[in-house]
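> My file is protein.cif. It has mmCIF, C-alpha atoms (C1' of nucleotides):
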```cif
data_coords
#
loop_
_atom_site.label_atom_id
_atom_site.label_comp_id
_atom_site.auth_asym_id
_atom_site.auth_seq_id
_atom_site.Cartn_x
_atom_site.Cartn_y
_atom_site.Cartn_z
CA MET A 595 55.09 49.47 186.76
CA SER A 596 52.23 47.47 185.21
CA LEU A 597 51.49 45.53 188.38
CA LYS A 598 49.74 48.55 189.89
CA TYR A 599 47.43 48.72 186.88
CA GLY A 600 46.80 44.99 186.94
CA ILE A 601 45.63 45.40 190.53
CA LEU A 602 43.54 48.45 189.64
CA GLY A 603 41.97 46.57 186.75
CA LEU A 604 40.91 43.70 188.99
CA LEU A 605 39.69 46.00 191.78
CA ASN A 606 37.64 47.80 189.17
CA TYR A 607 35.54 44.63 188.85
CA GLY A 608 34.85 44.68 192.56
CA THR A 609 36.17 45.16 196.07
CA MET A 610 38.66 42.50 197.12
CA THR A 611 41.25 41.58 199.76
CA GLY A 612 44.95 41.13 199.02
CA TYR A 613 44.36 37.42 199.33
CA ASP A 614 41.56 37.52 196.75
CA LEU A 615 43.75 39.56 194.41
CA ASP A 616 46.48 36.99 194.74
CA LYS A 617 44.06 34.23 193.76
CA ALA A 618 42.59 36.32 190.96
CA PHE A 619 46.07 36.89 189.56
CA LYS A 620 46.97 33.25 189.79
CA SER A 621 43.82 31.98 188.16
CA SER A 622 43.35 34.52 185.38
CA VAL A 623 45.89 37.19 184.48
CA ASN A 624 48.63 34.69 185.30
CA ILE A 625 49.14 33.61 181.68
CA PHE A 626 50.63 36.97 180.75
CA TRP A 627 51.40 38.52 184.13
CA GLN A 628 52.60 36.84 187.31
CA ALA A 629 52.73 38.45 190.71
CA GLN A 630 54.05 37.12 193.99
CA THR A 631 51.84 37.37 197.04
CA SER A 632 54.39 39.56 198.80
CA GLN A 633 54.53 41.86 195.80
CA ILE A 634 50.76 42.34 195.80
CA TYR A 635 50.73 43.34 199.48
CA ARG A 636 53.65 45.71 198.94
CA GLU A 637 51.96 47.37 195.96
CA LEU A 638 48.66 47.68 197.82
CA GLY A 639 50.54 49.54 200.55
CA THR A 640 52.04 52.06 198.15
CA MET A 641 48.77 52.41 196.25
CA GLU A 642 46.98 53.27 199.46
CA LYS A 643 49.55 56.01 200.10
CA LEU A 644 48.96 57.27 196.55
CA ASN A 645 45.23 57.27 197.28
CA TRP A 646 44.52 54.96 194.35
CA VAL A 647 42.77 52.52 196.68
CA GLU A 648 41.05 52.77 200.06
CA THR A 649 40.57 50.10 202.70
CA GLU A 650 37.98 48.88 205.11
CA VAL A 651 38.73 46.31 207.79
CA ILE A 652 36.09 43.65 208.26
CA ILE A 653 36.19 41.84 211.57
CA GLN A 654 35.59 38.13 211.18
CA HIS A 655 35.03 35.37 213.71
CA GLY A 656 36.89 32.12 213.40
CA LYS A 657 38.89 33.50 210.48
CA PRO A 658 41.55 36.24 210.32
CA ASN A 659 40.18 39.73 209.76
CA LYS A 660 39.81 40.93 206.21
CA LYS A 661 41.15 44.13 204.74
CA MET A 662 38.94 45.03 201.80
CA TYR A 663 40.52 47.14 199.08
CA LYS A 664 38.36 49.40 196.96
CA ILE A 665 39.38 51.45 193.94
CA THR A 666 39.04 55.23 194.45
CA GLU A 667 37.98 57.82 191.86
CA LEU A 668 41.64 58.76 191.46
CA GLY A 669 42.53 55.10 191.01
CA LYS A 670 39.89 54.69 188.34
CA SER A 671 41.15 57.71 186.43
CA GLU A 672 44.72 56.40 186.66
CA LEU A 673 43.54 53.07 185.25
CA LEU A 674 41.82 54.79 182.33
CA LYS A 675 44.86 56.97 181.68
CA TRP A 676 47.01 53.85 181.49
CA LEU A 677 44.54 52.10 179.19
CA TYR A 678 44.72 55.02 176.79
CA GLU A 679 48.41 55.76 177.02
CA ALA A 680 50.17 52.42 177.51
CA SER A 681 52.42 51.43 174.65
CA ASN A 682 52.87 48.00 173.13
CA LYS A 683 56.67 48.05 173.12
CA ASP A 684 56.84 45.48 175.94
CA PHE A 685 55.47 42.95 173.53
CA PHE A 686 58.67 43.08 171.51
CA LYS A 687 60.90 42.94 174.55
CA SER A 688 60.35 39.45 175.84
CA LYS A 689 63.09 37.84 177.86
CA ASP A 690 63.33 34.17 177.30
CA SER A 691 66.07 32.07 178.82
CA PHE A 692 64.95 29.00 176.89
CA LEU A 693 65.55 30.67 173.53
CA LEU A 694 68.81 32.07 174.87
CA MET A 695 69.86 28.56 175.80
CA LEU A 696 68.79 27.14 172.45
CA PHE A 697 70.81 29.85 170.73
CA PHE A 698 73.98 28.57 172.38
CA SER A 699 73.12 24.89 172.09
CA GLY A 700 75.68 24.26 169.36
CA GLU A 701 77.86 23.18 172.29
CA LYS A 702 75.67 20.13 172.73
CA THR A 703 75.14 17.25 170.32
CA VAL A 704 72.32 17.26 167.78
CA ASP A 705 70.73 14.27 169.51
CA GLU A 706 70.77 15.98 172.88
CA ASN A 707 69.05 18.99 171.38
CA ILE A 708 66.39 16.89 169.65
CA GLU A 709 65.68 15.34 173.04
CA MET A 710 65.45 18.77 174.61
CA LEU A 711 62.95 19.94 171.98
CA LYS A 712 60.85 16.81 172.48
CA LYS A 713 60.75 17.49 176.21
CA PHE A 714 59.77 21.08 175.45
CA LYS A 715 56.98 19.84 173.22
CA GLN A 716 55.59 17.79 176.11
CA ASP A 717 55.65 20.85 178.36
CA CYS A 718 53.89 22.92 175.70
CA LEU A 719 51.14 20.33 175.44
CA GLU A 720 50.74 20.37 179.20
CA TYR A 721 50.54 24.15 179.11
CA PHE A 722 47.75 23.87 176.57
CA SER A 723 45.65 22.05 179.13
CA VAL A 724 46.46 24.78 181.65
CA LEU A 725 45.08 27.33 179.17
CA ASN A 726 41.89 25.35 178.96
CA LYS A 727 41.60 25.33 182.73
CA VAL A 728 42.01 29.10 182.75
CA ASP A 729 39.09 29.11 180.33
CA GLU A 730 36.98 27.43 182.99
CA ASN A 731 38.13 29.78 185.73
CA ALA A 732 37.16 32.62 183.46
CA ASN A 733 33.52 31.85 183.95
CA TYR A 734 33.81 32.46 187.66
CA TYR A 735 35.10 35.97 187.11
CA THR A 736 33.14 36.91 184.03
CA ASN A 737 29.87 35.98 185.71
CA ARG A 738 30.49 38.77 188.18
CA ILE A 739 30.62 41.37 185.44
CA GLU A 740 27.38 42.86 184.19
CA ASP A 741 28.46 44.02 180.77
CA ASP A 742 28.91 41.15 178.33
CA THR A 743 31.09 43.02 175.85
CA LYS A 744 33.80 43.30 178.49
CA CYS A 745 34.29 39.53 178.49
CA VAL A 746 35.26 39.56 174.82
CA TYR A 747 38.65 40.97 175.71
CA TRP A 748 39.30 38.23 178.20
CA ASP A 749 38.57 35.74 175.44
CA ILE A 750 40.69 37.54 172.87
CA VAL A 751 43.67 37.45 175.20
CA LEU A 752 43.16 33.74 175.86
CA GLU A 753 42.98 33.13 172.12
CA PHE A 754 46.35 34.78 171.84
CA GLY A 755 47.77 32.26 174.27
CA LYS A 756 46.34 29.39 172.28
CA ALA A 757 47.44 30.81 168.92
CA SER A 758 51.00 31.34 170.05
CA MET A 759 51.14 27.85 171.57
CA THR A 760 49.92 26.35 168.30
CA ALA A 761 52.60 28.27 166.41
CA THR A 762 55.22 27.17 168.93
CA LEU A 763 54.27 23.50 168.56
CA GLN A 764 54.52 23.78 164.79
CA TRP A 765 57.90 25.45 165.13
CA ILE A 766 59.16 22.66 167.42
CA ASP A 767 58.16 20.02 164.89
CA ASP A 768 59.83 21.91 162.04
CA SER A 769 62.97 22.37 164.11
CA ILE A 770 63.17 18.69 165.00
CA VAL A 771 62.91 17.78 161.30
CA ARG A 772 65.70 20.23 160.57
CA LEU A 773 67.96 18.78 163.24
CA GLU A 774 67.19 15.21 162.16
CA ALA A 775 68.43 16.13 158.69
CA LEU A 776 71.82 17.05 160.15
CA LYS A 777 72.47 13.54 161.43
CA MET B 533 70.42 34.92 186.35
CA SER B 534 70.52 34.17 182.62
CA LEU B 535 72.44 37.28 181.73
CA LYS B 536 75.66 35.75 183.03
CA TYR B 537 75.17 32.78 180.72
CA GLY B 538 74.32 35.00 177.78
CA ILE B 539 77.64 36.74 178.32
CA LEU B 540 79.47 33.42 178.73
CA GLY B 541 77.88 32.13 175.54
CA LEU B 542 79.06 35.11 173.53
CA LEU B 543 82.54 35.09 175.09
CA ASN B 544 82.74 31.42 174.17
CA TYR B 545 82.75 32.50 170.52
CA GLY B 546 85.75 34.72 171.16
CA THR B 547 87.42 37.25 173.41
CA MET B 548 85.59 40.56 173.58
CA THR B 549 85.39 43.86 175.47
CA GLY B 550 82.34 44.97 177.43
CA TYR B 551 81.62 47.36 174.61
CA ASP B 552 81.74 44.55 172.05
CA LEU B 553 79.45 42.44 174.21
CA ASP B 554 77.00 45.30 174.41
CA LYS B 555 76.93 45.56 170.63
CA ALA B 556 76.72 41.80 170.22
CA PHE B 557 73.71 41.73 172.54
CA LYS B 558 72.01 44.54 170.75
CA SER B 559 72.50 43.14 167.28
CA SER B 560 71.83 39.46 167.88
CA VAL B 561 70.51 38.04 171.15
CA ASN B 562 68.39 41.17 171.54
CA ILE B 563 65.25 39.61 170.08
CA PHE B 564 64.84 37.36 173.12
CA TRP B 565 67.18 38.91 175.64
CA GLN B 566 67.95 42.58 176.25
CA ALA B 567 70.72 43.89 178.43
CA GLN B 568 71.65 47.44 179.36
CA THR B 569 75.25 48.54 178.93
CA SER B 570 75.55 49.24 182.65
CA GLN B 571 74.22 45.78 183.43
CA ILE B 572 76.81 44.10 181.24
CA TYR B 573 79.67 45.93 182.97
CA ARG B 574 78.26 45.08 186.39
CA GLU B 575 77.90 41.39 185.51
CA LEU B 576 81.41 41.28 184.03
CA GLY B 577 82.68 42.58 187.36
CA THR B 578 80.99 39.87 189.39
CA MET B 579 81.95 37.21 186.85
CA GLU B 580 85.58 38.19 187.16
CA LYS B 581 85.32 37.76 190.94
CA LEU B 582 83.74 34.34 190.38
CA ASN B 583 86.64 33.51 188.07
CA TRP B 584 84.31 32.75 185.19
CA VAL B 585 86.16 35.28 183.03
CA GLU B 586 89.64 36.79 183.02
CA THR B 587 90.80 40.14 181.67
CA GLU B 588 93.70 41.62 179.78
CA VAL B 589 94.11 45.35 179.31
CA ILE B 590 95.20 46.43 175.85
CA ILE B 591 96.76 49.88 175.63
CA GLN B 592 95.58 51.78 172.59
CA HIS B 593 96.68 55.08 171.07
CA GLY B 594 94.10 57.63 170.02
CA LYS B 595 91.33 55.47 171.47
CA PRO B 596 90.47 54.53 175.06
CA ASN B 597 92.22 51.42 176.35
CA LYS B 598 90.44 48.12 175.92
CA LYS B 599 89.74 45.55 178.59
CA MET B 600 89.49 42.20 176.85
CA TYR B 601 87.35 39.57 178.56
CA LYS B 602 88.13 35.91 178.03
CA ILE B 603 86.13 32.91 179.22
CA THR B 604 88.02 30.70 181.71
CA GLU B 605 87.87 26.92 182.00
CA LEU B 606 85.57 27.34 184.98
CA GLY B 607 83.39 29.71 182.97
CA LYS B 608 83.16 27.24 180.12
CA SER B 609 82.12 24.45 182.46
CA GLU B 610 79.49 26.72 184.05
CA LEU B 611 78.13 27.48 180.59
CA LEU B 612 77.89 23.79 179.74
CA LYS B 613 76.26 23.01 183.08
CA TRP B 614 73.63 25.66 182.35
CA LEU B 615 73.04 24.36 178.83
CA TYR B 616 72.35 20.91 180.23
CA GLU B 617 70.38 21.90 183.29
CA ALA B 618 68.40 25.00 182.36
CA SER B 619 64.65 24.51 182.36
CA ASN B 620 62.13 25.86 179.89
CA LYS B 621 59.70 27.17 182.49
CA ASP B 622 60.60 30.79 181.69
CA PHE B 623 58.95 30.31 178.33
CA PHE B 624 55.55 30.01 180.00
CA LYS B 625 56.14 32.97 182.28
CA SER B 626 56.12 35.91 179.94
CA LYS B 627 55.15 39.29 181.30
CA ASP B 628 53.29 41.33 178.81
CA SER B 629 51.82 44.68 179.68
CA PHE B 630 50.14 44.95 176.29
CA LEU B 631 48.07 41.80 176.85
CA LEU B 632 47.37 42.96 180.39
CA MET B 633 46.05 46.23 179.00
CA LEU B 634 43.99 44.48 176.34
CA PHE B 635 42.49 42.29 179.04
CA PHE B 636 41.09 45.35 180.80
CA SER B 637 40.13 47.21 177.63
CA GLY B 638 36.42 46.69 178.15
CA GLU B 639 36.60 50.13 179.75
CA LYS B 640 37.23 51.62 176.33
CA THR B 641 34.93 51.65 173.31
CA VAL B 642 35.03 48.93 170.67
CA ASP B 643 36.15 51.48 168.08
CA GLU B 644 39.02 52.66 170.24
CA ASN B 645 40.18 49.09 170.68
CA ILE B 646 40.00 48.34 166.97
CA GLU B 647 42.18 51.39 166.41
CA MET B 648 44.61 50.15 169.03
CA LEU B 649 44.87 46.74 167.38
CA LYS B 650 45.44 48.35 163.99
CA LYS B 651 48.27 50.40 165.45
CA PHE B 652 49.66 47.23 167.01
CA LYS B 653 49.54 45.53 163.63
CA GLN B 654 51.64 48.31 162.13
CA ASP B 655 54.22 47.87 164.90
CA CYS B 656 54.29 44.12 164.33
CA LEU B 657 54.97 44.62 160.64
CA GLU B 658 57.79 47.00 161.50
CA TYR B 659 59.19 44.44 163.88
CA PHE B 660 59.19 41.90 161.09
CA SER B 661 61.61 44.05 159.16
CA VAL B 662 63.76 44.29 162.27
CA LEU B 663 63.90 40.50 162.38
CA ASN B 664 65.10 40.48 158.81
CA LYS B 665 67.84 42.94 159.67
CA VAL B 666 68.91 40.68 162.53
CA ASP B 667 69.17 38.00 159.86
CA GLU B 668 71.74 40.13 158.06
CA ASN B 669 73.68 40.87 161.24
CA ALA B 670 73.76 37.14 161.86
CA ASN B 671 76.16 36.67 159.00
CA TYR B 672 78.70 38.90 160.68
CA TYR B 673 78.74 36.72 163.77
CA THR B 674 78.24 33.33 162.20
CA ASN B 675 81.14 33.91 159.81
CA ARG B 676 83.44 34.02 162.83
CA ILE B 677 82.44 30.55 163.93
CA GLU B 678 84.23 27.57 162.40
CA ASP B 679 81.60 24.93 162.93
CA ASP B 680 78.66 25.26 160.56
CA THR B 681 76.24 23.17 162.60
CA LYS B 682 76.37 25.75 165.40
CA CYS B 683 74.73 28.33 163.15
CA VAL B 684 71.63 26.16 162.77
CA TYR B 685 70.55 27.10 166.27
CA TRP B 686 70.83 30.77 165.56
CA ASP B 687 68.57 30.24 162.60
CA ILE B 688 66.08 28.09 164.50
CA VAL B 689 65.71 30.80 167.14
CA LEU B 690 65.17 33.43 164.45
CA GLU B 691 62.54 31.23 162.83
CA PHE B 692 60.76 31.18 166.16
CA GLY B 693 60.61 34.94 166.12
CA LYS B 694 59.16 34.95 162.62
CA ALA B 695 56.67 32.16 163.35
CA SER B 696 55.34 33.85 166.45
CA MET B 697 55.03 37.17 164.63
CA THR B 698 53.06 35.48 161.84
CA ALA B 699 50.74 33.93 164.40
CA THR B 700 50.37 37.27 166.16
CA LEU B 701 49.43 39.05 162.93
CA GLN B 702 46.81 36.41 162.19
CA TRP B 703 45.44 36.76 165.71
CA ILE B 704 45.20 40.54 165.34
CA ASP B 705 43.18 40.18 162.13
CA ASP B 706 40.86 37.63 163.73
CA SER B 707 40.38 39.84 166.77
CA ILE B 708 39.55 42.89 164.66
CA VAL B 709 36.90 40.87 162.79
CA ARG B 710 35.48 39.79 166.12
CA LEU B 711 35.30 43.33 167.45
CA GLU B 712 33.78 44.63 164.20
CA ALA B 713 30.98 42.12 164.67
CA LEU B 714 30.11 43.73 168.02
CA LYS B 715 29.33 47.07 166.44
"C1'" DT C 165 47.35 14.78 214.25
"C1'" DG C 166 48.80 16.56 210.14
"C1'" DG C 167 48.01 19.06 206.02
"C1'" DG C 168 45.24 22.47 203.50
"C1'" DT C 169 42.85 26.93 203.28
"C1'" DC C 170 42.24 31.61 205.03
"C1'" DA C 171 44.73 35.99 205.74
"C1'" DT C 172 48.26 39.07 206.72
"C1'" DG C 173 52.63 40.62 205.81
"C1'" DT C 174 58.35 41.59 206.59
"C1'" DA C 175 63.29 41.26 205.23
"C1'" DA C 176 66.92 40.40 202.43
"C1'" DC C 177 68.38 39.95 198.20
"C1'" DC C 178 68.91 39.98 193.17
"C1'" DT C 179 67.95 42.01 188.73
"C1'" DG C 180 66.78 45.60 185.69
"C1'" DT C 181 66.30 50.59 184.52
"C1'" DT C 182 67.60 55.42 184.10
"C1'" DA C 183 70.56 58.92 184.33
"C1'" DC C 184 74.90 60.59 184.47
"C1'" DA C 185 80.27 61.25 183.81
"C1'" DT C 186 84.48 61.37 180.98
"C1'" DG C 187 87.19 62.30 176.98
"C1'" DA C 188 89.48 61.53 172.59
"C1'" DT C 189 89.00 60.56 167.57
"C1'" DT C 190 86.75 60.56 163.16
"C1'" DA C 191 83.42 61.30 159.46
"C1'" DG C 192 80.16 64.36 157.22
"C1'" DC D 597 81.83 72.37 163.82
"C1'" DT D 598 78.89 68.94 165.33
"C1'" DA D 599 77.38 64.42 165.91
"C1'" DA D 600 78.65 59.79 166.13
"C1'" DT D 601 81.67 56.21 167.60
"C1'" DC D 602 84.89 54.20 170.84
"C1'" DA D 603 85.29 52.72 175.71
"C1'" DT D 604 84.80 52.69 180.45
"C1'" DG D 605 81.95 52.69 184.17
"C1'" DT D 606 79.08 54.64 188.92
"C1'" DA D 607 74.88 55.73 191.62
"C1'" DA D 608 70.33 55.63 192.75
"C1'" DC D 609 66.25 53.62 192.33
"C1'" DA D 610 62.41 50.51 190.88
"C1'" DG D 611 60.73 46.05 190.49
"C1'" DG D 612 60.79 41.07 191.12
"C1'" DT D 613 62.12 36.80 193.81
"C1'" DT D 614 62.74 33.79 197.82
"C1'" DA D 615 62.27 32.73 202.28
"C1'" DC D 616 60.18 33.23 206.43
"C1'" DA D 617 56.58 34.33 210.33
"C1'" DT D 618 52.00 33.93 212.49
"C1'" DG D 619 47.82 31.62 213.84
"C1'" DA D 620 43.25 29.62 213.73
"C1'" DC D 621 39.99 26.74 211.51
"C1'" DC D 622 38.44 22.55 208.99
"C1'" DC D 623 38.60 18.04 207.00
"C1'" DA D 624 40.26 13.28 206.64
#
```
Give the structure from the file, written as structure tokens.

Amino acid sequence: MSLKYGILGLLNYGTMTGYDLDKAFKSSVNIFWQAQTSQIYRELGTMEKLNWVETEVIIQHGKPNKKMYKITELGKSELLKWLYEASNKDFFKSKDSFLLMLFFSGEKTVDENIEMLKKFKQDCLEYFSVLNKVDENANYYTNRIEDDTKCVYWDIVLEFGKASMTATLQWIDDSIVRLEALK
Amino acid sequence: MSLKYGILGLLNYGTMTGYDLDKAFKSSVNIFWQAQTSQIYRELGTMEKLNWVETEVIIQHGKPNKKMYKITELGKSELLKWLYEASNKDFFKSKDSFLLMLFFSGEKTVDENIEMLKKFKQDCLEYFSVLNKVDENANYYTNRIEDDTKCVYWDIVLEFGKASMTATLQWIDDSIVRLEALK
DNA sequence: TGGGTCATGTAACCTGTTACATGATTAG
DNA sequence: CTAATCATGTAACAGGTTACATGACCCA
């Protein structure tokens, strides 16, 4: 359900092709929302039927033709409606197979689980550098937006990513200490 | 994909009905994995075909008959395989419509967004008390397990929930301060 | 000459959600 | 007497995932 609004939100910054949207998703919103290329094209199709977006085909030479998607007045009002009415209950409904696995890891040895957590720590550190790269990409998109106050929200969301990673790393260390004590 | 393993993990603690599994999900694993009742019954059906679980019907008087599900040897080996092979990449792929909404909230006024964050803070505090209730429920399930070291993992996972909530609350406060400064 | 980028999608499948159906017992 | 609990599911739909198809240009 939210994918439509993610697309509307990005189109609200400017007219784009499905291909551009795909890249925009993968280089920005990706940290808290992922969309497959095929999904984006499918949604754009249904959104055009709903009259939330309209298209214009641009003939190109040497490259495939472009289909530019533009948000309509109806689309913009749907976006605003969502911004005002969306609930936060999703936040408390995360599905995480890693935590599910850890929950049942009593079947493995303590040493094996310490190893697993150490591996996880490595992956978290790597992810941290991904977050910093997203920070750089941000400039590309935020430069296209006139109003400076709008960029604050981008930054706040990124800070969330960093804060939760920091908490996760601390939790990993605490958990390893706890497991070491069992040996 | 993980739902099957969540079911296997719980059945590994003891034989249960679909109804019991539903309750077990809702009172324990629920913080990081949610499953609908209908989904559990559907998965149990396919798992029986896969021979991961086997059933025994228990005739009851005054109550509907029970269909007890028991993990098979094959099921147990599939569970172990998953515990050893599952990756942690899901952890970095969370989908969060609240963060998506916040990202696009430059369309709203600063005051409206401060209000939204304050409301979110209230919901986070409420969720904290839910986590503590889960803590109490834990005793019911952990008492049924012989091996004490297995309960550590339950606790570690719960600690994650608390740690990330603490970090989230701190982030909310910081963000509100930041938005106040824009006024 | 082979891989990457540009640009569009379709098809099949799997998973998750919502709504509904049934029917008896038990506790307030 | 009414709502909750026990216990089983089905059906339809929405949303997400994986794999595949096409084809030209550009750079090394």
> Step by step, work through what the PyMOL selection byres ((chain D) within 9 of (chain A)) selects in the shown file, and finish by giving those residues as a CSV table (one decimal) with C-alpha atoms (C1' of nucleotides), in the frame of the given file.

```
chain,number,residue,atom,x,y,z
D,610,DA,C1',62.4,50.5,190.9
D,611,DG,C1',60.7,46.0,190.5
D,612,DG,C1',60.8,41.1,191.1
D,613,DT,C1',62.1,36.8,193.8
D,619,DG,C1',47.8,31.6,213.8
D,620,DA,C1',43.2,29.6,213.7
D,621,DC,C1',40.0,26.7,211.5
```
> To one decimal in Å, tell me the separation between CA of Ile652 (chain A) and CA of Leu638 (chain A).
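Between these atoms lies a distance of 16.8 Å.
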> Expressed in Å to a single decimal, how great is the separation between CA of Lys536 (chain B) and C1' of DA183 (chain C)?
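One can read the CA of Lys536 (chain B) to C1' of DA183 (chain C) distance as 23.8 Å.
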> Kindly provide, as JSON, numbers by chain, the residues of chain B having any atom no farther than 7 Å from an atom of chain A, counting only C-alpha atoms.
{"B": [534, 538, 541, 564, 565, 566, 615, 620, 622, 623, 625, 626, 627, 628, 629, 630, 631, 632, 633, 634, 635, 636, 637, 638, 652, 681, 682, 685, 686, 688, 689, 692, 695, 696, 699, 703, 707]}
> Tell me which protein, DNA and RNA residues are within 10 Å of region 167-176 of chain C, counting all atoms listed in the file, leaving out same-chain ones fewer than 3 positions away, and put them as a list in words.
Thr611, Gly612, Tyr613, Asp614, Thr631, Ser632, Tyr635, Arg636, Gly656, Lys657, Pro658, Asn659, Lys660 and Lys661 of chain A; DT614, DA615, DC616, DA617, DT618, DG619, DA620, DC621, DC622, DC623 and DA624 of chain D
> Written as a list in words, what is the full residue list that the PyMOL selection byres ((chain C and resi 184) around 10) yields on the file shown?
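With the shown file as input, the PyMOL selection byres ((chain C and resi 184) around 10) matches DT182, DA183 and DA185 of chain C; DT606 and DA607 of chain D.
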> The PyMOL selection byres ((chain C) within 9 of (chain B)) - which residues does that actually catch in the file I just gave you? List them as a ChimeraX atom specification.
/C:178-181,187-189
> Mind giving me the straight-line distance from CA of Lys670 (chain A) to CA of Phe619 (chain A) in Å, one decimal?
18.9 Å
> Within 10 Å of region 598-601 of chain D, counting all atoms listed in the file, which residues show up once you throw out same-chain ones fewer than 3 positions away? Write them as a PDB file with C-alpha atoms (C1' of nucleotides), in the coordinates of the input, please.

```pdb
ATOM      1  C1'  DT C 189      89.000  60.560 167.570  1.00  0.00           C
ATOM      2  C1'  DT C 190      86.750  60.560 163.160  1.00  0.00           C
ATOM      3  C1'  DA C 191      83.420  61.300 159.460  1.00  0.00           C
ATOM      4  C1'  DG C 192      80.160  64.360 157.220  1.00  0.00           C
TER       5       DG C 192
END
```
> Take the point (87.7, 37.5, 176.9) in the file's coordinates, draw a sphere of radius 8 Å around it, and report as a PyMOL selection string every protein, DNA or RNA residue with an atom inside or on it, counting all atoms listed in the file.
chain B and resi 543+546-549+585-588+600-603
